[in-house]
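Colleague: I am attaching a structure below and will ask some questions about it afterwards.
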Amino acid sequence: MMKRQWIVNLFTLALLAGTVGFNLTAPRSQKADAQEAPAPPPEPPVEVVYSAFFHMVVDLQQQAAELESEGQKGNSLQAYVQTQVSLSDEEARQLSGIAAACVDEIARQDAKALVVIQTFRSQFPGGKIPAGVKLPPPPPELKILQQERNQIILDARSKLVTALGETGFSKIAQFVEKRIAPGVQPVPLDKR
C-alpha cells in the first residue's frame, strides 16, 4: 500500500512539475515565435506602384513596336495588359494614351531634378567631400520636384478612373495590386 501511495505521489508530482514547466515555457516560445516572424514589408506608396505600372505599359508598347519594325509580331506584348485585365479595345487605348502622357511628363520632371542634382554635386569635384566638411542637406527644390512628380502620377491615375469609370478602373486596380505592387520593393540606403 505504501508503495502504491508513493507511486501515486510521484506521478502527481511529475504531472505538477510538467504543468508548471509547460506554463513557464509556453510564453517564452510565443515570444520567440513573435521575434522570429519577419514583419511584413510596408506597402509601397500608390504613386510608386502606379509609376511602375505606367512605365510597364509604355515599355511593352515600345518593345512591341521594336519587334514589328524588325518584321516580327509584337501583338502579344502590345495586348498583354489588355488581355490580363480584360479591357476592351477602347479601354486599352485610353490606358495606353494616359500611361504614355504620364511617362513623358515624368521624364521631363526627372530631367529638371537631374539639373538640380548635378548643380549640387558640382560643389564636390570628383564626388569627394573634403575632410572636415559636412555634407550639406539636399537642395529643397528636390523635395518640391518629387512632390510634383508624385502628383503627376496621381493625376494620371485619376484620369484613368475618369476615362474607364469605376468598373474599368477596378479591373486595373486589381491587376496592379496583385501583379505590380508585390514587385515594388524599397531599396536599402546602402544599395543606392
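Simple scheme: letters A, B, ... for chains in C-alpha cells order, numbers from 1 for residues in each chain, numbers from 1 for ligands in the order shown.
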What lies within 10 Å of Pro41 in chain A using only C-alpha atoms, ignoring chain neighbours under 2 positions off, as JSON, numbers by chain?

Modeller: {"A": [38, 39, 43, 44, 182, 185, 186]}

Colleague: Would you list the contacts of Ala173 in chain A as a list in words, taking every protein, DNA or RNA residue within 10 Å and counting only C-alpha atoms, but skipping same-chain residues closer than 4 positions in sequence?

Modeller: Tyr50, Val85, Arg157, Val161, Glu166, Thr167, Gly168, Phe169, Glu177, Lys178, Arg179 and Ile180 of chain A

Colleague: Find the spatial neighbours of range 133-148 of chain A, counting only C-alpha atoms, within a cut-off of 9 Å - ignore same-chain residues fewer than 6 positions away - and output them as a ChimeraX atom specification.

Modeller: /A:109-110,112-113,116-117,120

Colleague: What does the file look like for those residues with N, CA, C and O atoms, as a PDB file, in the first residue's frame?

Modeller:
```pdb
ATOM      1  N   GLN A 109      10.028  65.920 -65.699  1.00  0.00           N
ATOM      2  CA  GLN A 109      10.226  66.265 -64.290  1.00  0.00           C
ATOM      3  C   GLN A 109      11.566  65.728 -63.790  1.00  0.00           C
ATOM      4  O   GLN A 109      12.296  66.404 -63.069  1.00  0.00           O
ATOM      5  N   ASP A 110      11.883  64.497 -64.178  1.00  0.00           N
ATOM      6  CA  ASP A 110      13.162  63.898 -63.772  1.00  0.00           C
ATOM      7  C   ASP A 110      14.346  64.658 -64.367  1.00  0.00           C
ATOM      8  O   ASP A 110      15.399  64.773 -63.728  1.00  0.00           O
ATOM      9  N   LYS A 112      14.409  67.888 -64.883  1.00  0.00           N
ATOM     10  CA  LYS A 112      14.574  69.065 -64.024  1.00  0.00           C
ATOM     11  C   LYS A 112      15.328  68.697 -62.744  1.00  0.00           C
ATOM     12  O   LYS A 112      16.218  69.437 -62.297  1.00  0.00           O
ATOM     13  N   ALA A 113      14.972  67.563 -62.161  1.00  0.00           N
ATOM     14  CA  ALA A 113      15.629  67.117 -60.924  1.00  0.00           C
ATOM     15  C   ALA A 113      17.099  66.819 -61.179  1.00  0.00           C
ATOM     16  O   ALA A 113      17.957  67.116 -60.340  1.00  0.00           O
ATOM     17  N   VAL A 116      19.193  69.920 -60.991  1.00  0.00           N
ATOM     18  CA  VAL A 116      19.403  70.342 -59.597  1.00  0.00           C
ATOM     19  C   VAL A 116      20.451  69.447 -58.934  1.00  0.00           C
ATOM     20  O   VAL A 116      21.349  69.931 -58.236  1.00  0.00           O
ATOM     21  N   ILE A 117      20.381  68.154 -59.189  1.00  0.00           N
ATOM     22  CA  ILE A 117      21.334  67.203 -58.599  1.00  0.00           C
ATOM     23  C   ILE A 117      22.740  67.461 -59.116  1.00  0.00           C
ATOM     24  O   ILE A 117      23.707  67.483 -58.348  1.00  0.00           O
ATOM     25  N   PHE A 120      24.173  70.518 -57.530  1.00  0.00           N
ATOM     26  CA  PHE A 120      24.544  70.213 -56.150  1.00  0.00           C
ATOM     27  C   PHE A 120      25.860  69.434 -56.103  1.00  0.00           C
ATOM     28  O   PHE A 120      26.754  69.746 -55.322  1.00  0.00           O
TER      29      PHE A 120
END
```

Colleague: Within 8 Å of Phe54 in chain A, counting only C-alpha atoms, which residues show up once you throw out same-chain ones fewer than 5 positions away? Write them as a PyMOL selection string, please.

Modeller: chain A and resi 99-100+102-103

Colleague: Find the residues near Ile98 in chain A: any atom within 7 Å, counting only C-alpha atoms, skip ones fewer than 3 places away on the same chain, and give them as an MDAnalysis selection string.

Modeller: chainID A and resid 94:95 101:102 156 160

Colleague: Excluding same-chain residues fewer than 3 positions from Gln78 in chain A, what lies within 12 Å of it counting only C-alpha atoms, as a PyMOL selection string?

Modeller: chain A and resi 56-68+73-75+81-84+89+92-93+95-96

Colleague: Let me see the file: selected residues, C-alpha atoms, as a short mmCIF file (atom, residue, chain, number, x, y, z; two decimals), in the first residue's frame.

Modeller:
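Saved as again_9.cif:
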```cif
data_model
loop_
_atom_site.label_atom_id
_atom_site.label_comp_id
_atom_site.auth_asym_id
_atom_site.auth_seq_id
_atom_site.Cartn_x
_atom_site.Cartn_y
_atom_site.Cartn_z
CA MET A 56 5.47 48.86 -67.77
CA VAL A 57 2.59 49.71 -70.13
CA VAL A 58 4.79 52.10 -72.12
CA ASP A 59 7.76 49.69 -72.17
CA LEU A 60 5.57 46.88 -73.51
CA GLN A 61 4.28 49.19 -76.26
CA GLN A 62 7.85 50.20 -77.18
CA GLN A 63 9.06 46.60 -77.23
CA ALA A 64 6.12 45.62 -79.44
CA ALA A 65 6.91 48.48 -81.85
CA GLU A 66 10.58 47.40 -82.00
CA LEU A 67 9.60 43.82 -82.80
CA GLU A 68 7.24 44.97 -85.53
CA LYS A 73 5.00 40.06 -84.35
CA GLY A 74 4.60 42.27 -81.29
CA ASN A 75 0.87 41.75 -80.83
CA VAL A 81 -2.18 44.25 -70.18
CA GLN A 82 -5.40 44.35 -72.19
CA THR A 83 -5.75 40.55 -72.09
CA GLN A 84 -4.58 40.19 -68.49
CA ASP A 89 -10.02 47.89 -77.18
CA ALA A 92 -6.75 49.66 -73.67
CA ARG A 93 -6.35 52.67 -75.97
CA LEU A 95 -4.79 53.29 -70.79
CA SER A 96 -2.02 53.43 -73.37
#
```

Colleague: As an exercise, work out the distance from CA of Asn150 in chain A to CA of Val176 in chain A in Å and give it to one decimal place.

Modeller: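 So the two atoms, CA of Asn150 in chain A and CA of Val176 in chain A, lie 17.1 Å apart.
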
Colleague: Rounded to one decimal place, report the CA of Gly97 in chain A-CA of His55 in chain A distance in Å.

Modeller: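 Going from CA of Gly97 in chain A over to CA of His55 in chain A, I get 12.0 Å.
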
Colleague: Which is closer to Ser88 in chain A than all the others in A:Lys128, A:Lys171, A:Arg149, A:Arg121, using only C-alpha atoms?

Modeller: A:Lys171

Colleague: Write out as a VMD selection string each polymer residue whose atoms come within 8 Å of Val184 in chain A, counting only C-alpha atoms; drop sequence neighbours fewer than 5 positions from it.

Modeller: chain A and resid 44 48 to 49 52
